[in-house]
>>> print(open('target.pdb').read())   # PDB, C-alpha atoms
ATOM      1  CA  MET A   1       0.836  22.119  12.538
ATOM      2  CA  LEU A   2       2.268  21.448   9.134
ATOM      3  CA  SER A   3       5.991  22.036   9.083
ATOM      4  CA  ILE A   4       7.820  20.384   6.225
ATOM      5  CA  ASP A   5      10.958  21.631   4.549
ATOM      6  CA  LEU A   6       9.632  21.360   1.001
ATOM      7  CA  ASP A   7      13.069  21.974  -0.494
ATOM      8  CA  SER A   8      14.305  18.810   1.197
ATOM      9  CA  LEU A   9      11.846  16.630  -0.710
ATOM     10  CA  PRO A  10      13.587  14.731  -3.493
ATOM     11  CA  SER A  11      12.743  15.653  -7.045
ATOM     12  CA  GLY A  12      11.902  13.182  -9.786
ATOM     13  CA  PRO A  13       9.219  10.514  -9.999
ATOM     14  CA  LEU A  14       7.915   8.853  -6.846
ATOM     15  CA  SER A  15       8.623   5.162  -6.331
ATOM     16  CA  MET A  16       7.177   2.927  -3.649
ATOM     17  CA  ALA A  17      10.653   2.637  -2.131
ATOM     18  CA  GLY A  18      10.776   6.438  -2.111
ATOM     19  CA  LEU A  19       7.340   6.673  -0.507
ATOM     20  CA  LEU A  20       8.432   4.191   2.167
ATOM     21  CA  SER A  21      11.389   6.354   3.130
ATOM     22  CA  ILE A  22       9.583   9.702   3.144
ATOM     23  CA  GLU A  23       9.451  11.670   6.370
ATOM     24  CA  PRO A  24       7.479  12.867   8.194
ATOM     25  CA  ALA A  25       5.014  10.017   8.656
ATOM     26  CA  GLU A  26       2.111  12.412   8.042
ATOM     27  CA  LEU A  27       3.326  13.068   4.500
ATOM     28  CA  ARG A  28       3.837   9.338   3.940
ATOM     29  CA  ARG A  29       0.250   8.744   5.039
ATOM     30  CA  LEU A  30      -1.013  11.481   2.710
ATOM     31  CA  LEU A  31       0.753   9.895  -0.267
ATOM     32  CA  LYS A  32      -0.433   6.445   0.754
ATOM     33  CA  GLY A  33      -3.963   7.820   0.944
ATOM     34  CA  GLY A  34      -3.680   8.867  -2.689
ATOM     35  CA  LEU A  35      -3.067   5.290  -3.769
ATOM     36  CA  ARG A  36      -5.955   2.829  -4.196
ATOM     37  CA  ARG A  37      -8.827   4.924  -5.584
ATOM     38  CA  GLY A  38      -7.374   8.203  -4.456
ATOM     39  CA  LEU A  39      -8.993  10.747  -2.155
ATOM     40  CA  SER A  40     -12.068  12.867  -2.633
ATOM     41  CA  THR A  41     -11.699  16.490  -1.575
ATOM     42  CA  ASP A  42     -13.625  15.660   1.608
ATOM     43  CA  ASP A  43     -11.290  12.723   2.295
ATOM     44  CA  LEU A  44      -8.276  14.951   1.780
ATOM     45  CA  GLN A  45      -9.735  17.653   3.978
ATOM     46  CA  ALA A  46     -10.340  15.099   6.757
ATOM     47  CA  LEU A  47      -6.832  13.710   6.397
ATOM     48  CA  LEU A  48      -5.273  17.176   6.588
ATOM     49  CA  GLU A  49      -7.297  17.953   9.689
ATOM     50  CA  GLN A  50      -6.282  14.687  11.300
ATOM     51  CA  GLU A  51      -2.583  14.865  10.444
ATOM     52  CA  TRP A  52      -1.873  18.587  10.657
ATOM     53  CA  GLN A  53      -4.996  20.224  12.117
ATOM     54  CA  SER A  54      -5.052  22.310   8.937
ATOM     55  CA  GLY A  55      -7.543  22.882   6.176
ATOM     56  CA  MET A  56      -6.902  22.885   2.457
ATOM     57  CA  ASP A  57      -6.921  26.650   2.345
ATOM     58  CA  ALA A  58      -4.077  27.050   4.839
ATOM     59  CA  PRO A  59      -1.050  28.556   3.072
ATOM     60  CA  PRO A  60       1.386  25.794   4.236
ATOM     61  CA  VAL A  61      -1.021  23.148   2.894
ATOM     62  CA  GLN A  62      -1.356  24.996  -0.400
ATOM     63  CA  ALA A  63       2.439  25.140  -0.638
ATOM     64  CA  LEU A  64       2.722  21.433   0.119
ATOM     65  CA  LEU A  65       0.115  20.474  -2.485
ATOM     66  CA  ALA A  66       1.852  22.687  -5.044
ATOM     67  CA  ALA A  67       5.225  21.073  -4.280
ATOM     68  CA  LEU A  68       3.778  17.580  -4.613
ATOM     69  CA  GLN A  69       1.998  18.485  -7.822
ATOM     70  CA  GLN A  70       5.150  20.034  -9.243
ATOM     71  CA  ARG A  71       6.988  16.757  -8.655
ATOM     72  CA  GLY A  72       4.145  14.802 -10.269
ATOM     73  CA  TRP A  73       3.565  12.876  -7.041
ATOM     74  CA  PHE A  74       0.043  13.924  -6.069
ATOM     75  CA  SER A  75      -2.529  15.715  -8.134
ATOM     76  CA  TRP A  76      -6.234  16.282  -8.751
ATOM     77  CA  GLU A  77      -7.589  13.985 -11.430
ATOM     78  CA  GLY A  78     -11.182  14.469 -12.447
ATOM     79  CA  ASP A  79     -12.841  13.825  -9.123
ATOM     80  CA  ARG A  80     -10.027  12.463  -6.941
ATOM     81  CA  TRP A  81      -6.646  13.398  -5.546
ATOM     82  CA  LYS A  82      -4.287  10.677  -6.689
ATOM     83  CA  THR A  83      -0.733   9.639  -5.923
ATOM     84  CA  HIS A  84       1.339   8.856  -9.005
ATOM     85  CA  LEU A  85       4.200   6.410  -9.096
ATOM     86  CA  GLY A  86       6.899   6.866 -11.676
TER      87      GLY A  86
ATOM     88  CA  MET B   1     -15.313  -1.964  -3.124
ATOM     89  CA  ALA B   2     -13.594  -5.301  -2.454
ATOM     90  CA  GLN B   3     -11.413  -5.741   0.578
ATOM     91  CA  ILE B   4      -7.803  -6.392  -0.362
ATOM     92  CA  LEU B   5      -5.858  -9.162   1.310
ATOM     93  CA  ALA B   6      -2.158  -9.358   0.418
ATOM     94  CA  ILE B   7      -0.391 -12.637   1.135
ATOM     95  CA  HIS B   8       3.313 -12.126   1.463
ATOM     96  CA  SER B   9       6.450 -13.843   2.649
ATOM     97  CA  PHE B  10       9.958 -12.492   2.881
ATOM     98  CA  ARG B  11      11.468 -15.720   1.583
ATOM     99  CA  GLY B  12      10.346 -18.263  -0.989
ATOM    100  CA  GLY B  13       9.157 -21.768  -0.187
ATOM    101  CA  THR B  14       6.822 -20.813   2.638
ATOM    102  CA  GLY B  15       3.729 -22.231   0.931
ATOM    103  CA  LYS B  16       2.364 -18.745   0.278
ATOM    104  CA  SER B  17       0.680 -19.585  -3.027
ATOM    105  CA  ASN B  18      -0.782 -22.769  -1.604
ATOM    106  CA  LEU B  19      -2.206 -20.805   1.313
ATOM    107  CA  THR B  20      -3.526 -18.092  -1.040
ATOM    108  CA  ALA B  21      -5.419 -20.576  -3.204
ATOM    109  CA  ASN B  22      -6.837 -22.501  -0.262
ATOM    110  CA  LEU B  23      -7.773 -19.354   1.639
ATOM    111  CA  ALA B  24      -9.525 -17.984  -1.455
ATOM    112  CA  THR B  25     -11.449 -21.248  -1.674
ATOM    113  CA  ALA B  26     -12.336 -21.186   2.022
ATOM    114  CA  LEU B  27     -13.615 -17.605   1.657
ATOM    115  CA  ALA B  28     -15.595 -18.464  -1.476
ATOM    116  CA  LEU B  29     -17.089 -21.474   0.339
ATOM    117  CA  GLN B  30     -18.725 -18.849   2.540
ATOM    118  CA  GLY B  31     -20.493 -17.468  -0.526
ATOM    119  CA  LYS B  32     -18.016 -14.706  -1.294
ATOM    120  CA  ARG B  33     -16.977 -13.418  -4.700
ATOM    121  CA  VAL B  34     -13.205 -13.700  -4.639
ATOM    122  CA  ALA B  35     -10.425 -12.954  -7.106
ATOM    123  CA  VAL B  36      -6.834 -14.104  -6.822
ATOM    124  CA  ILE B  37      -4.207 -12.092  -8.640
ATOM    125  CA  ASP B  38      -0.797 -13.642  -9.168
ATOM    126  CA  THR B  39       1.719 -10.830  -8.913
ATOM    127  CA  ASP B  40       4.587 -13.261  -8.460
ATOM    128  CA  LEU B  41       5.442 -12.448 -12.053
ATOM    129  CA  ALA B  42       8.952 -13.862 -11.965
ATOM    130  CA  SER B  43       7.886 -17.246 -10.659
ATOM    131  CA  PRO B  44       4.120 -17.665 -11.030
ATOM    132  CA  GLY B  45       2.460 -20.746  -9.612
ATOM    133  CA  VAL B  46      -0.893 -20.195  -7.939
ATOM    134  CA  HIS B  47      -2.746 -21.186 -11.144
ATOM    135  CA  VAL B  48      -1.536 -24.774 -10.680
ATOM    136  CA  LEU B  49      -3.537 -25.082  -7.464
ATOM    137  CA  PHE B  50      -6.714 -24.258  -9.389
ATOM    138  CA  GLY B  51      -5.836 -26.687 -12.196
ATOM    139  CA  PHE B  52      -5.708 -23.777 -14.628
ATOM    140  CA  THR B  53      -3.117 -23.251 -17.319
ATOM    141  CA  PRO B  54      -3.575 -20.314 -19.674
ATOM    142  CA  ASP B  55      -3.879 -21.494 -23.270
ATOM    143  CA  PRO B  56      -1.780 -19.672 -25.853
ATOM    144  CA  GLY B  57      -3.627 -16.443 -26.572
ATOM    145  CA  GLN B  58      -5.530 -16.483 -23.290
ATOM    146  CA  PRO B  59      -4.741 -13.149 -21.607
ATOM    147  CA  THR B  60      -2.685 -13.059 -18.415
ATOM    148  CA  LEU B  61      -1.666 -10.260 -16.071
ATOM    149  CA  ASN B  62       1.374  -9.674 -18.298
ATOM    150  CA  ASP B  63      -0.930  -8.705 -21.190
ATOM    151  CA  TYR B  64      -2.461  -6.004 -19.026
ATOM    152  CA  LEU B  65       0.769  -4.729 -17.478
ATOM    153  CA  GLN B  66       2.762  -4.707 -20.690
ATOM    154  CA  GLY B  67      -0.028  -4.354 -23.189
ATOM    155  CA  ASP B  68      -3.493  -2.924 -23.605
ATOM    156  CA  VAL B  69      -5.696  -5.877 -22.652
ATOM    157  CA  PRO B  70      -8.313  -4.788 -20.075
ATOM    158  CA  ILE B  71      -7.682  -6.412 -16.694
ATOM    159  CA  VAL B  72     -11.136  -8.004 -16.624
ATOM    160  CA  LYS B  73     -10.225  -9.974 -19.774
ATOM    161  CA  CYS B  74      -7.257 -11.386 -17.855
ATOM    162  CA  ALA B  75      -9.515 -12.801 -15.121
ATOM    163  CA  HIS B  76     -10.643 -16.398 -15.615
ATOM    164  CA  GLU B  77     -13.308 -18.087 -13.536
ATOM    165  CA  VAL B  78     -11.898 -21.140 -11.780
ATOM    166  CA  THR B  79     -14.702 -21.814  -9.299
ATOM    167  CA  PRO B  80     -14.602 -25.459  -8.159
ATOM    168  CA  GLU B  81     -17.904 -27.368  -8.042
ATOM    169  CA  PRO B  82     -18.258 -27.406  -4.206
ATOM    170  CA  VAL B  83     -17.753 -23.629  -4.168
ATOM    171  CA  LYS B  84     -20.439 -23.165  -6.843
ATOM    172  CA  LYS B  85     -22.823 -25.134  -4.626
ATOM    173  CA  ALA B  86     -22.019 -22.711  -1.813
ATOM    174  CA  HIS B  87     -22.843 -19.798  -4.180
ATOM    175  CA  GLY B  88     -19.278 -18.559  -4.130
ATOM    176  CA  HIS B  89     -17.116 -17.536  -7.077
ATOM    177  CA  ILE B  90     -13.375 -17.514  -7.675
ATOM    178  CA  TRP B  91     -11.612 -15.715 -10.494
ATOM    179  CA  LEU B  92      -7.934 -16.028 -11.169
ATOM    180  CA  VAL B  93      -5.706 -13.461 -12.831
ATOM    181  CA  PRO B  94      -2.721 -15.644 -13.690
ATOM    182  CA  ALA B  95       0.744 -14.479 -14.627
ATOM    183  CA  SER B  96       2.259 -15.753 -17.836
ATOM    184  CA  MET B  97       4.212 -19.007 -17.696
ATOM    185  CA  ASP B  98       5.822 -18.277 -21.050
ATOM    186  CA  SER B  99       9.571 -17.890 -20.478
ATOM    187  CA  ASP B 100       9.865 -15.163 -23.128
ATOM    188  CA  ARG B 101       7.099 -13.174 -21.459
ATOM    189  CA  ILE B 102       8.673 -13.558 -18.030
ATOM    190  CA  ALA B 103      12.034 -12.483 -19.414
ATOM    191  CA  ARG B 104      10.465  -9.485 -21.162
ATOM    192  CA  LEU B 105       8.755  -8.392 -17.990
ATOM    193  CA  LEU B 106      11.959  -8.663 -15.986
ATOM    194  CA  ARG B 107      13.876  -6.834 -18.702
ATOM    195  CA  GLU B 108      11.458  -4.006 -19.394
ATOM    196  CA  GLY B 109       9.559  -3.782 -16.118
ATOM    197  CA  TYR B 110       6.128  -2.208 -15.932
ATOM    198  CA  GLN B 111       4.400   0.765 -14.374
ATOM    199  CA  VAL B 112       3.558  -0.400 -10.896
ATOM    200  CA  GLU B 113       0.761   2.185 -10.719
ATOM    201  CA  LYS B 114      -1.033   0.156 -13.393
ATOM    202  CA  LEU B 115      -1.327  -2.689 -10.908
ATOM    203  CA  ASN B 116      -3.028  -0.374  -8.418
ATOM    204  CA  ASP B 117      -5.596   0.678 -11.007
ATOM    205  CA  ALA B 118      -6.171  -2.945 -12.079
ATOM    206  CA  LEU B 119      -7.262  -4.056  -8.650
ATOM    207  CA  PHE B 120      -9.969  -1.431  -8.397
ATOM    208  CA  SER B 121     -11.175  -1.897 -11.937
ATOM    209  CA  LEU B 122     -11.404  -5.661 -11.418
ATOM    210  CA  SER B 123     -13.217  -5.219  -8.140
ATOM    211  CA  GLU B 124     -15.893  -3.124  -9.826
ATOM    212  CA  SER B 125     -16.248  -5.204 -12.976
ATOM    213  CA  LEU B 126     -16.648  -8.505 -11.135
ATOM    214  CA  HIS B 127     -18.494  -7.108  -8.084
ATOM    215  CA  LEU B 128     -15.895  -8.672  -5.851
ATOM    216  CA  ASP B 129     -16.109  -9.050  -2.106
ATOM    217  CA  LEU B 130     -12.463  -9.920  -1.703
ATOM    218  CA  LEU B 131      -9.302  -9.628  -3.708
ATOM    219  CA  LEU B 132      -6.309 -11.748  -2.735
ATOM    220  CA  ILE B 133      -2.855 -10.749  -3.967
ATOM    221  CA  ASP B 134      -0.272 -13.519  -4.154
ATOM    222  CA  THR B 135       2.905 -11.440  -3.986
ATOM    223  CA  HIS B 136       6.470 -12.063  -5.021
ATOM    224  CA  PRO B 137       8.637 -13.009  -2.016
ATOM    225  CA  GLY B 138      10.939 -10.339  -0.625
ATOM    226  CA  ILE B 139      10.686  -6.596  -1.017
ATOM    227  CA  ASN B 140      10.313  -4.851  -4.368
ATOM    228  CA  GLU B 141       8.178  -2.068  -5.830
ATOM    229  CA  GLU B 142       5.223  -4.385  -6.426
ATOM    230  CA  THR B 143       5.258  -5.941  -2.969
ATOM    231  CA  LEU B 144       5.513  -2.486  -1.400
ATOM    232  CA  LEU B 145       2.481  -1.363  -3.390
ATOM    233  CA  SER B 146       0.518  -4.514  -2.517
ATOM    234  CA  THR B 147       1.356  -3.959   1.131
ATOM    235  CA  ALA B 148       0.430  -0.269   1.030
ATOM    236  CA  ILE B 149      -3.001  -0.803  -0.495
ATOM    237  CA  ALA B 150      -3.956  -3.902   1.491
ATOM    238  CA  ASP B 151      -6.743  -3.845   4.054
ATOM    239  CA  CYS B 152      -5.054  -6.825   5.619
ATOM    240  CA  LEU B 153      -1.598  -8.322   5.175
ATOM    241  CA  LEU B 154      -0.927 -11.989   5.859
ATOM    242  CA  VAL B 155       2.753 -12.656   6.411
ATOM    243  CA  VAL B 156       3.621 -16.298   5.856
ATOM    244  CA  MET B 157       6.751 -17.863   7.322
ATOM    245  CA  ARG B 158       8.217 -21.208   8.282
ATOM    246  CA  PRO B 159       9.592 -21.788  11.768
ATOM    247  CA  ASP B 160      13.110 -21.259  10.437
ATOM    248  CA  SER B 161      15.780 -18.849  11.674
ATOM    249  CA  GLN B 162      16.201 -17.164   8.282
ATOM    250  CA  ASP B 163      12.441 -16.709   8.053
ATOM    251  CA  TYR B 164      12.289 -15.191  11.528
ATOM    252  CA  LEU B 165      14.857 -12.546  10.549
ATOM    253  CA  GLY B 166      13.392 -11.773   7.131
ATOM    254  CA  THR B 167       9.854 -11.627   8.434
ATOM    255  CA  ALA B 168      10.891  -8.904  10.871
ATOM    256  CA  VAL B 169      11.807  -6.763   7.855
ATOM    257  CA  ALA B 170       8.453  -7.421   6.171
ATOM    258  CA  ILE B 171       6.569  -6.495   9.351
ATOM    259  CA  GLU B 172       8.625  -3.326   9.803
ATOM    260  CA  VAL B 173       7.760  -2.254   6.249
ATOM    261  CA  ALA B 174       4.074  -3.024   6.778
ATOM    262  CA  GLU B 175       3.972  -1.010   9.985
ATOM    263  CA  ARG B 176       5.714   1.908   8.301
ATOM    264  CA  LEU B 177       3.028   1.779   5.614
ATOM    265  CA  ASP B 178       0.262   1.739   8.252
ATOM    266  CA  VAL B 179      -1.380  -1.472   7.063
ATOM    267  CA  PRO B 180      -4.699  -1.564   8.946
ATOM    268  CA  ALA B 181      -4.419  -5.245   9.926
ATOM    269  CA  ILE B 182      -1.545  -7.721   9.907
ATOM    270  CA  ARG B 183      -1.726 -11.443  10.645
ATOM    271  CA  MET B 184       1.134 -13.906  10.942
ATOM    272  CA  VAL B 185       0.788 -17.384   9.494
ATOM    273  CA  VAL B 186       3.383 -19.984  10.393
ATOM    274  CA  ASN B 187       3.287 -22.768   7.817
ATOM    275  CA  LYS B 188       5.002 -26.153   7.544
ATOM    276  CA  LEU B 189       5.287 -26.547  11.289
ATOM    277  CA  PRO B 190       6.965 -29.928  11.940
ATOM    278  CA  GLN B 191       4.941 -32.286  14.125
ATOM    279  CA  HIS B 192       7.622 -32.512  16.816
ATOM    280  CA  PHE B 193       7.711 -28.721  17.320
ATOM    281  CA  ASP B 194       6.046 -27.394  20.440
ATOM    282  CA  THR B 195       3.162 -25.347  19.029
ATOM    283  CA  GLU B 196       2.860 -23.155  22.119
ATOM    284  CA  GLN B 197       6.564 -22.374  22.078
ATOM    285  CA  VAL B 198       6.364 -21.323  18.427
ATOM    286  CA  ARG B 199       3.293 -19.232  19.145
ATOM    287  CA  GLU B 200       5.102 -17.452  21.970
ATOM    288  CA  ARG B 201       8.240 -16.876  19.903
ATOM    289  CA  VAL B 202       6.273 -15.434  16.987
ATOM    290  CA  ALA B 203       4.132 -13.288  19.269
ATOM    291  CA  SER B 204       7.122 -11.902  21.154
ATOM    292  CA  SER B 205       9.208 -11.401  17.986
ATOM    293  CA  TYR B 206       6.687  -9.343  16.072
ATOM    294  CA  GLY B 207       3.876  -8.207  18.355
ATOM    295  CA  VAL B 208       1.421  -9.032  15.586
ATOM    296  CA  PRO B 209      -1.629 -11.311  15.971
ATOM    297  CA  ILE B 210      -1.162 -14.885  14.810
ATOM    298  CA  GLY B 211      -3.680 -15.947  12.189
ATOM    299  CA  ALA B 212      -2.780 -19.630  12.059
ATOM    300  CA  LEU B 213      -0.107 -22.176  12.832
ATOM    301  CA  LEU B 214      -0.337 -24.697  10.022
ATOM    302  CA  PRO B 215       1.255 -28.135  10.371
ATOM    303  CA  LEU B 216       3.727 -29.619   7.933
ATOM    304  CA  SER B 217       1.501 -32.135   6.230
ATOM    305  CA  GLU B 218       2.368 -35.395   4.531
ATOM    306  CA  ASP B 219      -1.025 -35.265   2.805
ATOM    307  CA  LEU B 220      -0.294 -31.839   1.341
ATOM    308  CA  LEU B 221       3.059 -33.079   0.119
ATOM    309  CA  THR B 222       1.237 -35.979  -1.559
ATOM    310  CA  LEU B 223      -1.209 -33.556  -3.134
ATOM    311  CA  ALA B 224       1.872 -31.785  -4.554
ATOM    312  CA  SER B 225      -0.044 -28.627  -5.541
ATOM    313  CA  GLY B 226      -2.278 -30.827  -7.728
ATOM    314  CA  GLY B 227      -5.419 -29.598  -5.989
ATOM    315  CA  LEU B 228      -6.892 -27.645  -3.125
ATOM    316  CA  ALA B 229      -6.420 -29.215   0.295
ATOM    317  CA  VAL B 230      -9.542 -27.555   1.745
ATOM    318  CA  LEU B 231     -11.549 -29.502  -0.834
ATOM    319  CA  SER B 232      -9.455 -32.690  -1.123
ATOM    320  CA  TYR B 233      -8.817 -33.084   2.625
ATOM    321  CA  PRO B 234     -11.528 -31.004   4.273
ATOM    322  CA  THR B 235     -11.109 -32.607   7.706
ATOM    323  CA  HIS B 236      -7.324 -32.403   7.763
ATOM    324  CA  PRO B 237      -6.026 -30.105  10.555
ATOM    325  CA  TRP B 238      -4.280 -27.916   7.931
ATOM    326  CA  SER B 239      -7.556 -27.396   6.055
ATOM    327  CA  GLU B 240      -9.533 -26.858   9.240
ATOM    328  CA  GLN B 241      -7.126 -24.146  10.326
ATOM    329  CA  VAL B 242      -7.258 -22.436   6.930
ATOM    330  CA  ARG B 243     -11.048 -22.399   7.131
ATOM    331  CA  GLY B 244     -10.758 -21.047  10.669
ATOM    332  CA  LEU B 245      -8.435 -18.315   9.430
ATOM    333  CA  ALA B 246     -10.920 -17.412   6.686
ATOM    334  CA  SER B 247     -13.719 -17.118   9.245
ATOM    335  CA  GLU B 248     -11.606 -15.073  11.621
ATOM    336  CA  LEU B 249     -10.618 -12.680   8.838
ATOM    337  CA  LEU B 250     -14.211 -12.270   7.730
ATOM    338  CA  ASP B 251     -15.397 -11.706  11.288
ATOM    339  CA  SER B 252     -12.764  -9.324  12.525
ATOM    340  CA  VAL B 253     -10.774  -7.794   9.689
ATOM    341  CA  LEU B 254     -12.409  -7.888   6.280
TER     342      LEU B 254
END
>>> encode(input="target.pdb", output="structure tokens")
Amino acid sequence: MLSIDLDSLPSGPLSMAGLLSIEPAELRRLLKGGLRRGLSTDDLQALLEQEWQSGMDAPPVQALLAALQQRGWFSWEGDRWKTHLG
Amino acid sequence: MAQILAIHSFRGGTGKSNLTANLATALALQGKRVAVIDTDLASPGVHVLFGFTPDPGQPTLNDYLQGDVPIVKCAHEVTPEPVKKAHGHIWLVPASMDSDRIARLLREGYQVEKLNDALFSLSESLHLDLLLIDTHPGINEETLLSTAIADCLLVVMRPDSQDYLGTAVAIEVAERLDVPAIRMVVNKLPQHFDTEQVRERVASSYGVPIGALLPLSEDLLTLASGGLAVLSYPTHPWSEQVRGLASELLDSVL
């Protein structure tokens, strides 16, 4: 189950050094997944299922995605979810 | 989508660029479409192996990272004749050798995310099978990105105590970033070293498969980066092992 203290996530742009130090590993893998070409919604759904046994509609997942988007780290771009480095 | 192979070493002087160029050639000799991107922006060098020097005005990676030149315009075909006969292709994205450009890049930096986008754009434009990243030694934002997006990471080291320690850091980072495949390459192995002992030490130190143990070669020293050993000395043990590594990577990883 997804259990991340969202308030403990640093604010400000994401760097690769920052990504490397992020805990838990599941969140690090999510942000890594958004590199390269990014993730389709199906890819993201599969990743969420694998890492947290949760779907995109689950309230904790929605809160996580909102927190990441607010920080400018991970957002929907056209047809992919992408990780953004500052 | 091309498979990405990042070639990295924690310390300089391991022969990383030499291995990158020769491995790219060995892969292209198997008919692959390969690009080499020189992200060692502070001390570029892989272009020398291909006998390529960007003319003034010829775009380099710097023009993409710090300008608006499309990445595909920064890629130059450097396919050697024997590779053409094997229906392979090699493109090189060199970094600028202009001291002002290097200084500007170090001073102003660049958006590392742009490098991520470049690799995928280049892969599509050139219909690449493989993309080799010659990284800057050590750990920085660019090497972390190259490691994170690689399908396979080759970690190059010499059988040297400082390399053993530094390489442990590089492997730890790669494992934290869940790189799908990692291979160790020990280069410049002196003739009097016991190969099996080195193999055991590397295997027990890192728990990562060994891709190749490449001998310190007088012939390579004579070549002095003035050419590609896999073409100039195709039967040399160093070249044979690089070709073997290319085959192993194609068969089991890429």
>>> closest_residue(input="target.pdb", among="B:Val185, B:Val202, B:Leu177, B:Pro215", to="Ile22 of chain A", atoms="all atoms listed in the file")
B:Leu177
>>> residues_around(input="target.pdb", residues="Asp43 of chain A", least_positions_apart="2", cutoff="12 Å", atoms="only C-alpha atoms", output="VMD selection string")
chain A and resid 30 33 to 34 37 to 41 45 to 50 55 to 56 79 to 82
>>> resolve_selection(input="target.pdb", expression="the PyMOL selection byres ((chain B and resi 104-114) around 8)", output="JSON, numbers by chain")
{"A": [84, 85, 86], "B": [41, 42, 62, 65, 66, 100, 101, 102, 103, 115, 116, 117, 118, 141, 142, 145]}
>>> atom_distance(input="target.pdb", atom1="atom CA of Pro237 of chain B", atom2="atom CA of Asp160 of chain B")
21.1 Å
>>> closest_residue(input="target.pdb", among="B:Pro159, B:Thr20, B:Ser225, B:Pro180", to="Thr195 of chain B", atoms="all atoms listed in the file")
B:Pro159
>>> residues_around(input="target.pdb", residues="His89 of chain B", least_positions_apart="3", cutoff="10 Å", atoms="all atoms listed in the file", output="PyMOL selection string")
chain B and resi 24-25+27-35+77-81+83-86+126+128-129
>>> write_last_selection(input="target.pdb", atoms="C-alpha atoms", output="PDB file, in the frame of the given file")
ATOM      1  CA  ALA B  24      -9.525 -17.984  -1.455  1.00  0.00           C
ATOM      2  CA  THR B  25     -11.449 -21.248  -1.674  1.00  0.00           C
ATOM      3  CA  LEU B  27     -13.615 -17.605   1.657  1.00  0.00           C
ATOM      4  CA  ALA B  28     -15.595 -18.464  -1.476  1.00  0.00           C
ATOM      5  CA  LEU B  29     -17.089 -21.474   0.339  1.00  0.00           C
ATOM      6  CA  GLN B  30     -18.725 -18.849   2.540  1.00  0.00           C
ATOM      7  CA  GLY B  31     -20.493 -17.468  -0.526  1.00  0.00           C
ATOM      8  CA  LYS B  32     -18.016 -14.706  -1.294  1.00  0.00           C
ATOM      9  CA  ARG B  33     -16.977 -13.418  -4.700  1.00  0.00           C
ATOM     10  CA  VAL B  34     -13.205 -13.700  -4.639  1.00  0.00           C
ATOM     11  CA  ALA B  35     -10.425 -12.954  -7.106  1.00  0.00           C
ATOM     12  CA  GLU B  77     -13.308 -18.087 -13.536  1.00  0.00           C
ATOM     13  CA  VAL B  78     -11.898 -21.140 -11.780  1.00  0.00           C
ATOM     14  CA  THR B  79     -14.702 -21.814  -9.299  1.00  0.00           C
ATOM     15  CA  PRO B  80     -14.602 -25.459  -8.159  1.00  0.00           C
ATOM     16  CA  GLU B  81     -17.904 -27.368  -8.042  1.00  0.00           C
ATOM     17  CA  VAL B  83     -17.753 -23.629  -4.168  1.00  0.00           C
ATOM     18  CA  LYS B  84     -20.439 -23.165  -6.843  1.00  0.00           C
ATOM     19  CA  LYS B  85     -22.823 -25.134  -4.626  1.00  0.00           C
ATOM     20  CA  ALA B  86     -22.019 -22.711  -1.813  1.00  0.00           C
ATOM     21  CA  LEU B 126     -16.648  -8.505 -11.135  1.00  0.00           C
ATOM     22  CA  LEU B 128     -15.895  -8.672  -5.851  1.00  0.00           C
ATOM     23  CA  ASP B 129     -16.109  -9.050  -2.106  1.00  0.00           C
TER      24      ASP B 129
END
>>> atom_distance(input="target.pdb", atom1="atom CA of Leu231 of chain B", atom2="atom CA of Phe50 of chain B")
11.1 Å
>>> residues_near_point(input="target.pdb", point="(9.3, -17.1, 2.3)", cutoff="8 Å", atoms="all atoms listed in the file", output="number ranges by chain")
B: 8-16, 137-138, 156-158, 163
>>> resolve_selection(input="target.pdb", expression="the ChimeraX specification (/B :<7) & /A", output="ChimeraX atom specification")
/A:16-17,20,32,35-36,84-85
>>> closest_residue(input="target.pdb", among="A:Leu31, A:Leu68, A:Ala58, A:Ala25", to="Leu9 of chain A", atoms="only C-alpha atoms")
A:Leu68
>>> atom_distance(input="target.pdb", atom1="atom CA of Phe193 of chain B", atom2="atom CA of Ala168 of chain B")
21.1 Å
>>> axis_aligned_box(input="target.pdb", around="segment 198-216 of chain B", padding_each_side="8 Å", output="AutoDock Vina command-line options")
--center_x 2.8 --center_y -18.9 --center_z 15.0 --size_x 28.9 --size_y 37.4 --size_z 30.0
>>> closest_residue(input="target.pdb", among="B:Ala21, B:Gly88, B:Leu130, B:Ala6", to="Leu250 of chain B", atoms="all atoms listed in the file")
B:Leu130
